[in-house]
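Enquirer: Here you go, upload.cif (mmCIF, C-alpha atoms):
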data_target
loop_
_atom_site.label_atom_id
_atom_site.label_comp_id
_atom_site.auth_asym_id
_atom_site.auth_seq_id
_atom_site.Cartn_x
_atom_site.Cartn_y
_atom_site.Cartn_z
CA MET A 26 5.57 -11.41 14.33
CA GLY A 27 2.84 -13.63 15.75
CA LEU A 28 1.77 -17.15 14.95
CA LEU A 29 -1.90 -17.05 15.83
CA CYS A 30 -2.49 -19.10 18.98
CA GLY A 31 -5.71 -19.97 20.76
CA ARG A 32 -8.96 -20.60 18.95
CA ARG A 33 -9.12 -21.12 15.21
CA VAL A 34 -9.93 -17.97 13.24
CA SER A 35 -11.83 -18.64 10.01
CA ILE A 36 -12.64 -16.44 7.05
CA LEU A 37 -16.38 -17.01 6.65
CA GLY A 38 -17.33 -14.59 3.89
CA THR A 39 -16.09 -11.72 1.73
CA GLY A 40 -17.71 -8.85 -0.14
CA MET A 41 -16.98 -5.61 -1.93
CA TYR A 42 -18.66 -2.58 -3.40
CA VAL A 43 -17.61 0.16 -5.80
CA PRO A 44 -19.66 3.17 -6.92
CA GLU A 45 -21.28 3.06 -10.35
CA ASN A 46 -19.47 6.11 -11.71
CA VAL A 47 -16.27 5.16 -13.57
CA MET A 48 -13.55 7.69 -14.31
CA THR A 49 -11.10 6.61 -17.01
CA ASN A 50 -7.64 7.96 -17.63
CA GLY A 51 -9.10 9.75 -20.63
CA ASP A 52 -11.63 11.47 -18.38
CA LEU A 53 -8.79 12.58 -16.10
CA SER A 54 -6.84 14.02 -19.01
CA ARG A 55 -9.68 16.51 -19.47
CA ILE A 56 -9.38 17.63 -15.84
CA VAL A 57 -5.63 17.80 -15.28
CA GLU A 58 -2.55 17.75 -17.51
CA THR A 59 -1.97 14.02 -17.98
CA SER A 60 -2.62 11.20 -20.43
CA ASP A 61 -3.71 7.58 -20.47
CA GLU A 62 -0.20 6.53 -21.50
CA TRP A 63 1.45 8.56 -18.70
CA ILE A 64 -0.79 7.05 -16.01
CA ARG A 65 -0.61 3.46 -17.28
CA GLU A 66 3.18 3.55 -17.60
CA ARG A 67 3.77 4.92 -14.10
CA THR A 68 1.01 3.19 -12.15
CA GLY A 69 -0.75 0.42 -14.09
CA ILE A 70 -4.13 2.11 -13.54
CA THR A 71 -6.65 2.47 -16.38
CA GLU A 72 -9.77 3.55 -14.49
CA ARG A 73 -11.22 4.11 -11.03
CA HIS A 74 -14.68 4.42 -9.45
CA ILE A 75 -15.87 7.71 -7.96
CA ALA A 76 -18.60 8.01 -5.33
CA ALA A 77 -21.74 9.94 -6.22
CA GLU A 78 -22.40 13.22 -4.41
CA ASN A 79 -24.87 11.53 -2.08
CA GLU A 80 -22.64 8.51 -1.31
CA LEU A 81 -20.69 8.44 1.95
CA THR A 82 -18.00 6.08 3.16
CA SER A 83 -20.58 4.47 5.46
CA ASP A 84 -22.78 3.72 2.42
CA LEU A 85 -19.94 1.95 0.61
CA ALA A 86 -19.10 0.06 3.80
CA TYR A 87 -22.71 -1.05 4.21
CA ASN A 88 -22.97 -2.47 0.69
CA ALA A 89 -19.69 -4.41 1.00
CA ALA A 90 -20.67 -5.65 4.47
CA MET A 91 -24.06 -6.89 3.32
CA GLU A 92 -22.51 -8.97 0.53
CA ALA A 93 -20.03 -10.56 2.95
CA LEU A 94 -22.72 -11.31 5.55
CA GLN A 95 -25.15 -12.73 3.00
CA GLU A 96 -22.45 -14.91 1.45
CA CYS A 97 -21.80 -16.73 4.72
CA GLY A 98 -25.34 -16.57 6.09
CA ILE A 99 -24.42 -14.53 9.16
CA ASP A 100 -27.15 -12.30 10.60
CA PRO A 101 -25.98 -8.86 11.82
CA GLU A 102 -27.39 -9.80 15.24
CA GLU A 103 -24.69 -12.49 15.46
CA LEU A 104 -21.84 -9.97 15.23
CA ASP A 105 -19.81 -9.29 18.35
CA MET A 106 -17.66 -6.54 16.83
CA ILE A 107 -17.47 -4.32 13.75
CA ILE A 108 -14.09 -2.86 12.80
CA VAL A 109 -13.81 -0.40 9.92
CA GLY A 110 -10.44 0.58 8.48
CA THR A 111 -10.74 4.00 6.85
CA ASN A 112 -8.87 7.25 6.31
CA THR A 113 -11.91 9.03 4.93
CA PRO A 114 -14.66 8.70 7.55
CA ASP A 115 -17.92 10.55 6.97
CA THR A 116 -16.96 12.71 9.96
CA LEU A 117 -14.04 12.61 12.39
CA PHE A 118 -16.56 11.59 15.00
CA PRO A 119 -18.75 9.66 15.08
CA GLY A 120 -16.76 7.01 13.24
CA VAL A 121 -17.96 4.91 10.32
CA ALA A 122 -18.17 1.67 12.34
CA PRO A 123 -20.83 2.88 14.81
CA LYS A 124 -22.88 4.26 11.92
CA LEU A 125 -22.49 0.96 10.07
CA GLN A 126 -23.58 -0.94 13.17
CA GLY A 127 -26.80 1.07 13.21
CA MET A 128 -27.36 0.68 9.48
CA LEU A 129 -26.96 -3.11 9.77
CA GLY A 130 -29.06 -3.40 12.91
CA ALA A 131 -26.20 -5.22 14.67
CA SER A 132 -27.51 -4.34 18.11
CA LYS A 133 -25.25 -6.73 20.06
CA SER A 134 -22.02 -5.55 18.45
CA GLY A 135 -19.32 -3.15 19.49
CA ALA A 136 -17.86 -0.88 16.81
CA ASN A 137 -14.75 1.18 16.16
CA ASP A 138 -12.68 2.65 13.35
CA ILE A 139 -8.98 1.96 12.67
CA GLN A 140 -6.93 4.68 10.99
CA ALA A 141 -3.45 3.55 9.94
CA GLY A 142 -3.19 4.78 6.37
CA CYS A 143 -3.59 2.16 3.67
CA THR A 144 -2.55 -0.50 6.21
CA SER A 145 -5.81 0.09 8.11
CA CYS A 146 -7.37 -3.04 6.60
CA ILE A 147 -4.49 -5.27 7.74
CA ASN A 148 -4.56 -3.66 11.20
CA SER A 149 -8.29 -4.34 11.35
CA LEU A 150 -7.89 -7.98 10.31
CA VAL A 151 -5.11 -8.52 12.85
CA MET A 152 -7.08 -6.99 15.71
CA ALA A 153 -10.19 -8.96 14.79
CA SER A 154 -8.18 -12.19 14.54
CA ALA A 155 -6.52 -11.60 17.91
CA GLY A 156 -9.89 -10.89 19.51
CA ILE A 157 -11.43 -14.09 18.17
CA ALA A 158 -8.39 -16.27 18.96
CA SER A 159 -8.34 -15.01 22.54
CA GLY A 160 -12.03 -15.71 23.08
CA LEU A 161 -13.02 -12.05 23.38
CA TRP A 162 -15.29 -12.27 20.30
CA ASP A 163 -16.82 -15.06 18.24
CA THR A 164 -17.81 -13.25 15.05
CA VAL A 165 -16.30 -10.02 13.70
CA LEU A 166 -17.07 -7.97 10.61
CA VAL A 167 -14.03 -6.20 9.15
CA VAL A 168 -14.53 -3.52 6.50
CA GLY A 169 -12.09 -1.33 4.61
CA ALA A 170 -13.89 1.62 3.02
CA GLU A 171 -12.78 4.87 1.39
CA VAL A 172 -14.18 7.86 -0.46
CA LEU A 173 -10.79 9.32 -1.32
CA SER A 174 -12.16 11.43 -4.17
CA ARG A 175 -13.35 13.99 -1.59
CA ILE A 176 -9.85 14.68 -0.23
CA LEU A 177 -7.90 14.80 -3.51
CA ASP A 178 -6.50 17.93 -5.10
CA TRP A 179 -7.79 17.52 -8.63
CA ASN A 180 -5.19 20.03 -9.82
CA ASP A 181 -2.33 17.77 -8.69
CA ARG A 182 -1.70 15.07 -11.27
CA ASN A 183 0.80 13.32 -9.00
CA THR A 184 -1.94 12.33 -6.56
CA CYS A 185 -5.37 12.60 -8.20
CA VAL A 186 -4.57 9.99 -10.87
CA LEU A 187 -3.78 7.35 -8.25
CA PHE A 188 -6.88 6.95 -6.13
CA GLY A 189 -10.41 5.60 -6.35
CA ASP A 190 -13.37 4.92 -4.07
CA GLY A 191 -14.53 1.52 -2.86
CA ALA A 192 -15.05 -0.89 0.02
CA GLY A 193 -14.14 -4.47 0.86
CA ALA A 194 -15.43 -6.64 3.70
CA VAL A 195 -14.54 -9.87 5.49
CA VAL A 196 -16.47 -11.80 8.12
CA LEU A 197 -14.22 -13.65 10.58
CA GLY A 198 -15.44 -16.32 12.97
CA THR A 199 -14.68 -19.60 14.73
CA LYS A 200 -16.63 -22.04 12.56
CA ASP A 201 -14.69 -25.04 11.25
CA LYS A 202 -16.21 -24.59 7.82
CA GLY A 203 -15.04 -21.42 6.16
CA LYS A 204 -13.07 -19.98 3.28
CA GLY A 205 -9.74 -20.00 5.11
CA THR A 206 -7.90 -20.17 8.43
CA VAL A 207 -5.66 -17.34 9.64
CA LEU A 208 -2.18 -18.67 10.46
CA SER A 209 -0.11 -15.63 11.39
CA CYS A 210 -0.11 -11.86 11.36
CA ASP A 211 2.20 -8.95 12.09
CA LEU A 212 2.17 -5.14 12.22
CA LYS A 213 5.04 -2.68 11.96
CA SER A 214 5.60 1.07 11.62
CA ASP A 215 8.44 3.51 10.95
CA GLY A 216 7.27 6.77 12.52
CA ASN A 217 10.42 8.55 11.37
CA ARG A 218 8.84 8.55 7.91
CA HIS A 219 5.49 9.94 9.07
CA ASP A 220 5.79 12.89 6.69
CA LEU A 221 5.76 10.91 3.44
CA ILE A 222 1.95 10.75 3.08
CA THR A 223 -0.11 13.38 4.88
CA LEU A 224 -3.34 15.32 4.99
CA PRO A 225 -2.02 18.37 6.90
CA GLY A 226 -5.03 20.65 7.31
CA GLY A 227 -8.10 20.76 9.48
CA LEU A 228 -7.08 19.39 12.86
CA VAL A 229 -4.73 20.20 15.75
CA GLU A 230 -1.52 20.85 13.82
CA ASN A 231 -3.15 23.09 11.22
CA PRO A 232 -6.67 24.08 12.34
CA ALA A 233 -9.00 25.00 9.49
CA SER A 234 -8.61 28.60 8.40
CA SER A 235 -8.63 30.70 5.26
CA GLU A 236 -4.86 30.22 5.16
CA THR A 237 -5.00 26.40 5.25
CA ILE A 238 -7.60 26.48 2.49
CA ALA A 239 -5.49 28.81 0.37
CA ARG A 240 -2.46 26.57 0.88
CA ARG A 241 -4.55 23.53 -0.13
CA LEU A 242 -3.67 21.69 3.08
CA HIS A 243 -7.00 19.87 3.22
CA TYR A 244 -5.96 17.48 0.46
CA VAL A 245 -3.67 14.43 0.27
CA HIS A 246 0.01 15.32 0.05
CA MET A 247 2.48 12.61 -0.92
CA LYS A 248 6.21 12.34 -1.56
CA GLY A 249 5.77 9.69 -4.19
CA ASN A 250 9.41 8.90 -4.97
CA ASP A 251 10.27 8.60 -1.29
CA VAL A 252 7.30 6.28 -0.70
CA PHE A 253 8.43 4.08 -3.59
CA LYS A 254 12.01 3.88 -2.27
CA PHE A 255 10.81 3.14 1.27
CA VAL A 256 8.51 0.32 0.23
CA ILE A 257 10.88 -1.53 -2.09
CA ARG A 258 13.63 -1.27 0.54
CA ILE A 259 11.58 -2.33 3.58
CA LEU A 260 8.91 -4.71 2.32
CA PRO A 261 10.92 -7.53 0.64
CA PRO A 262 13.11 -8.43 3.65
CA TYR A 263 10.18 -7.89 6.01
CA LEU A 264 7.92 -10.26 4.07
CA LYS A 265 10.67 -12.85 3.62
CA ASP A 266 11.33 -12.86 7.36
CA PHE A 267 7.61 -12.98 8.12
CA CYS A 268 7.25 -16.11 5.99
CA VAL A 269 10.27 -17.73 7.67
CA GLN A 270 8.89 -16.97 11.13
CA THR A 271 5.57 -18.52 10.07
CA ASP A 272 7.53 -21.58 8.88
CA ILE A 273 6.20 -21.11 5.35
CA PRO A 274 9.00 -20.17 2.90
CA SER A 275 8.06 -17.37 0.51
CA GLU A 276 8.23 -19.75 -2.45
CA GLU A 277 5.44 -21.82 -0.88
CA ILE A 278 2.98 -18.92 -0.82
CA ASP A 279 0.44 -19.60 -3.58
CA TRP A 280 -1.02 -16.09 -3.81
CA TRP A 281 0.33 -12.67 -2.87
CA ILE A 282 -2.26 -9.95 -2.35
CA PHE A 283 -0.59 -6.57 -2.08
CA HIS A 284 -2.06 -3.20 -1.29
CA GLN A 285 -3.07 -2.05 -4.78
CA ALA A 286 -1.06 1.16 -4.83
CA ASN A 287 1.20 0.96 -7.85
CA LEU A 288 1.96 -1.89 -10.24
CA ARG A 289 5.65 -1.04 -10.33
CA ILE A 290 5.86 -1.35 -6.53
CA MET A 291 4.22 -4.79 -6.57
CA GLN A 292 6.46 -5.97 -9.39
CA SER A 293 9.61 -4.66 -7.71
CA VAL A 294 8.82 -6.31 -4.37
CA LEU A 295 8.05 -9.68 -6.00
CA LYS A 296 11.23 -9.49 -8.06
CA ARG A 297 13.30 -8.88 -4.93
CA LEU A 298 11.59 -11.84 -3.28
CA GLY A 299 12.28 -14.05 -6.28
CA VAL A 300 8.56 -14.73 -6.71
CA SER A 301 6.77 -15.00 -10.06
CA GLN A 302 4.53 -12.08 -11.00
CA GLU A 303 1.89 -14.70 -11.88
CA LYS A 304 1.40 -15.37 -8.17
CA SER A 305 0.02 -11.92 -7.42
CA ILE A 306 -3.67 -10.98 -7.50
CA VAL A 307 -3.99 -7.58 -9.14
CA ASN A 308 -7.10 -5.44 -9.71
CA LEU A 309 -5.37 -2.05 -9.55
CA ASP A 310 -6.08 -1.42 -13.22
CA LYS A 311 -9.86 -1.37 -12.60
CA TYR A 312 -10.07 0.47 -9.28
CA GLY A 313 -6.88 2.45 -8.67
CA ASN A 314 -5.57 2.83 -5.13
CA THR A 315 -8.55 2.43 -2.80
CA SER A 316 -6.34 2.69 0.31
CA ALA A 317 -7.77 0.71 3.26
CA ALA A 318 -10.24 -1.04 0.94
CA SER A 319 -7.79 -2.30 -1.68
CA THR A 320 -6.44 -5.50 -0.12
CA LEU A 321 -9.90 -6.69 0.93
CA MET A 322 -11.32 -5.95 -2.52
CA ALA A 323 -8.52 -7.94 -4.15
CA LEU A 324 -9.09 -10.79 -1.68
CA HIS A 325 -12.79 -10.90 -2.57
CA GLU A 326 -12.10 -10.94 -6.30
CA GLY A 327 -9.44 -13.62 -5.80
CA TYR A 328 -12.17 -15.88 -4.44
CA LYS A 329 -14.82 -14.82 -6.94
CA ASN A 330 -12.70 -15.40 -10.04
CA GLY A 331 -11.64 -18.84 -8.78
CA LYS A 332 -7.95 -18.09 -8.34
CA ILE A 333 -7.87 -18.88 -4.61
CA LYS A 334 -8.57 -22.57 -4.13
CA GLU A 335 -8.84 -24.84 -1.09
CA LYS A 336 -5.51 -25.39 0.71
CA ASP A 337 -3.84 -22.43 -1.03
CA LYS A 338 -1.59 -20.34 1.20
CA VAL A 339 -2.34 -16.64 0.77
CA LEU A 340 -0.38 -13.64 2.03
CA LEU A 341 -2.02 -10.23 2.37
CA THR A 342 0.18 -7.18 2.91
CA SER A 343 -0.13 -3.42 2.87
CA PHE A 344 1.77 -0.22 3.61
CA GLY A 345 0.57 3.30 4.24
CA SER A 346 1.00 6.66 5.87
CA GLY A 347 2.80 6.60 9.14
CA MET A 348 4.71 4.75 7.62
CA THR A 349 2.81 1.65 8.66
CA TYR A 350 3.06 -1.82 7.16
CA GLY A 351 1.93 -5.32 8.01
CA ALA A 352 1.01 -8.76 6.75
CA LEU A 353 -1.26 -11.75 7.35
CA ILE A 354 -1.06 -15.33 6.09
CA PHE A 355 -4.04 -17.67 5.85
CA GLN A 356 -4.70 -21.06 4.33
CA ALA A 357 -7.80 -21.33 2.17
#
Starting from the file, give its structure as structure tokens.
Expert:
Amino acid sequence: MGLLCGRRVSILGTGMYVPENVMTNGDLSRIVETSDEWIRERTGITERHIAAENELTSDLAYNAAMEALQECGIDPEELDMIIVGTNTPDTLFPGVAPKLQGMLGASKSGANDIQAGCTSCINSLVMASAGIASGLWDTVLVVGAEVLSRILDWNDRNTCVLFGDGAGAVVLGTKDKGKGTVLSCDLKSDGNRHDLITLPGGLVENPASSETIARRLHYVHMKGNDVFKFVIRILPPYLKDFCVQTDIPSEEIDWWIFHQANLRIMQSVLKRLGVSQEKSIVNLDKYGNTSAASTLMALHEGYKNGKIKEKDKVLLTSFGSGMTYGALIFQA
């Protein structure tokens, strides 16, 4: 756990983007054996957005980034670094971040992708915050972006009903005036559970072949029940301890922004923490699980709908394949 030392790290602007195409639970029921009631009851999701055939992850990232930059009046030329959290890059290499740098015209910026499952956005925020606090960078653009619809097995109702496409963005800097100040952050992982969420085919372990295609290894595979048990066992004590180490008791957190994976997971974690469900910002019903984008999208909407107000203490947290997890606290 780390209280952020050094220079102040401010949230300057936020943004998000989702594709125009909306897929409802009813639409899904015509593709795979499922129903609106089945999906709502088990996940809390009612619809999700699906990228058009000509939309790439870098396109979604660009749109979210532009909104965040325009909101705080930062020119791309002012950026020192661009960090993109994603599990669905356009290509394995080059990454999304270098492409985004070129699309934005951020000629003075470095760029790299972070791949840590759905926790990629928290990892990206932590690394950006550490870089700014240390004096390495002054202004950093963080984006979480996913086009998960391209790596889903649309014959598997246990996975395809969960995910959607989207992007969220945050501009971090050192200015005194901003939307919030980062107080603390932390990252963890349990590599012994690395097999709970996987995409097995196409790389070193299972190089692409007719066999890997036949075995449908190029799609997301998830042990859903095991993921649920892991999260509700690990996350509550981890978050409680994180708050204590930050010297902010969990009951003093005004808003909890979870990775938008499953409503039952969020409710279970809050119940174990003894925190009211009313303190969580939830947009899962509209977008589904957008992986590395979800926490940043929820953060943006928390500001836009007026829930997050000045002086509020906000905790962002996520978990994902690896199994990785982490958290960040800021004061608005």
Enquirer: So that each row is one residue of stretch 243-271 of chain A with an atom at most 12 Å from stretch 204-217 of chain A, can you give its shortest atom pair and the distance in Å to one decimal, using all atoms listed in the file, rows by chain and rising number, as CSV?
Expert:
residue,atom,partner,partner_atom,distance
A:Phe255,CA,A:Asp215,CA,10.0
A:Val256,CA,A:Asp215,CA,11.2
A:Ile259,CA,A:Asp215,CA,9.9
A:Leu260,CA,A:Lys213,CA,10.6
A:Tyr263,CA,A:Lys213,CA,9.4
A:Leu264,CA,A:Asp211,CA,9.9
A:Asp266,CA,A:Asp211,CA,11.0
A:Phe267,CA,A:Asp211,CA,7.8
A:Cys268,CA,A:Ser209,CA,9.1
A:Val269,CA,A:Ser209,CA,11.2
A:Gln270,CA,A:Ser209,CA,9.1
A:Thr271,CA,A:Ser209,CA,6.5
Enquirer: On this structure, which residues satisfy the PyMOL selection byres ((chain A and resi 100) around 12), written as a PDB file with C-alpha atoms, keeping the file's coordinate frame?
Expert:
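Result went into selection36.pdb, see below:
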ATOM      1  CA  ALA A  90     -20.670  -5.650   4.470  1.00  0.00           C
ATOM      2  CA  MET A  91     -24.060  -6.890   3.320  1.00  0.00           C
ATOM      3  CA  GLU A  92     -22.510  -8.970   0.530  1.00  0.00           C
ATOM      4  CA  ALA A  93     -20.030 -10.560   2.950  1.00  0.00           C
ATOM      5  CA  LEU A  94     -22.720 -11.310   5.550  1.00  0.00           C
ATOM      6  CA  GLN A  95     -25.150 -12.730   3.000  1.00  0.00           C
ATOM      7  CA  GLU A  96     -22.450 -14.910   1.450  1.00  0.00           C
ATOM      8  CA  CYS A  97     -21.800 -16.730   4.720  1.00  0.00           C
ATOM      9  CA  GLY A  98     -25.340 -16.570   6.090  1.00  0.00           C
ATOM     10  CA  ILE A  99     -24.420 -14.530   9.160  1.00  0.00           C
ATOM     11  CA  PRO A 101     -25.980  -8.860  11.820  1.00  0.00           C
ATOM     12  CA  GLU A 102     -27.390  -9.800  15.240  1.00  0.00           C
ATOM     13  CA  GLU A 103     -24.690 -12.490  15.460  1.00  0.00           C
ATOM     14  CA  LEU A 104     -21.840  -9.970  15.230  1.00  0.00           C
ATOM     15  CA  ASP A 105     -19.810  -9.290  18.350  1.00  0.00           C
ATOM     16  CA  LEU A 129     -26.960  -3.110   9.770  1.00  0.00           C
ATOM     17  CA  GLY A 130     -29.060  -3.400  12.910  1.00  0.00           C
ATOM     18  CA  ALA A 131     -26.200  -5.220  14.670  1.00  0.00           C
ATOM     19  CA  SER A 132     -27.510  -4.340  18.110  1.00  0.00           C
ATOM     20  CA  LYS A 133     -25.250  -6.730  20.060  1.00  0.00           C
ATOM     21  CA  SER A 134     -22.020  -5.550  18.450  1.00  0.00           C
ATOM     22  CA  THR A 164     -17.810 -13.250  15.050  1.00  0.00           C
ATOM     23  CA  VAL A 165     -16.300 -10.020  13.700  1.00  0.00           C
ATOM     24  CA  LEU A 166     -17.070  -7.970  10.610  1.00  0.00           C
ATOM     25  CA  VAL A 196     -16.470 -11.800   8.120  1.00  0.00           C
TER      26      VAL A 196
END
Enquirer: Pick the closest to A:Ala122 from A:Leu353, A:Val195, A:Ile108, A:Leu340: which is it, counting only C-alpha atoms?
Expert: A:Ile108
Enquirer: Which residue gives the smallest distance to A:Ile36 among A:Leu324, A:Ala77, A:Ala136, A:Met291, with all atoms listed in the file counted?
Expert: A:Leu324
Enquirer: Which residues would end up in the selection if the PyMOL selection byres ((chain A and resi 141-156) around 6) were applied here, given that I need the answer as a list of chain:residue names?
Expert: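 Going through the file, the PyMOL selection byres ((chain A and resi 141-156) around 6) ends up selecting A:Gly110, A:Ile139, A:Gln140, A:Ile157, A:Ala158, A:Ser159, A:Leu161, A:Trp162, A:Gly169, A:Ser316, A:Ala317, A:Ser343, A:Phe344, A:Gly345, A:Ser346, A:Tyr350.
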Enquirer: Taking only C-alpha atoms into account, name the residue in A:Thr39, A:Gln285, A:Thr59, A:Asn250 that is nearest to A:Asn88.
Expert: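 The answer is A:Thr39, which sits nearest to A:Asn88.
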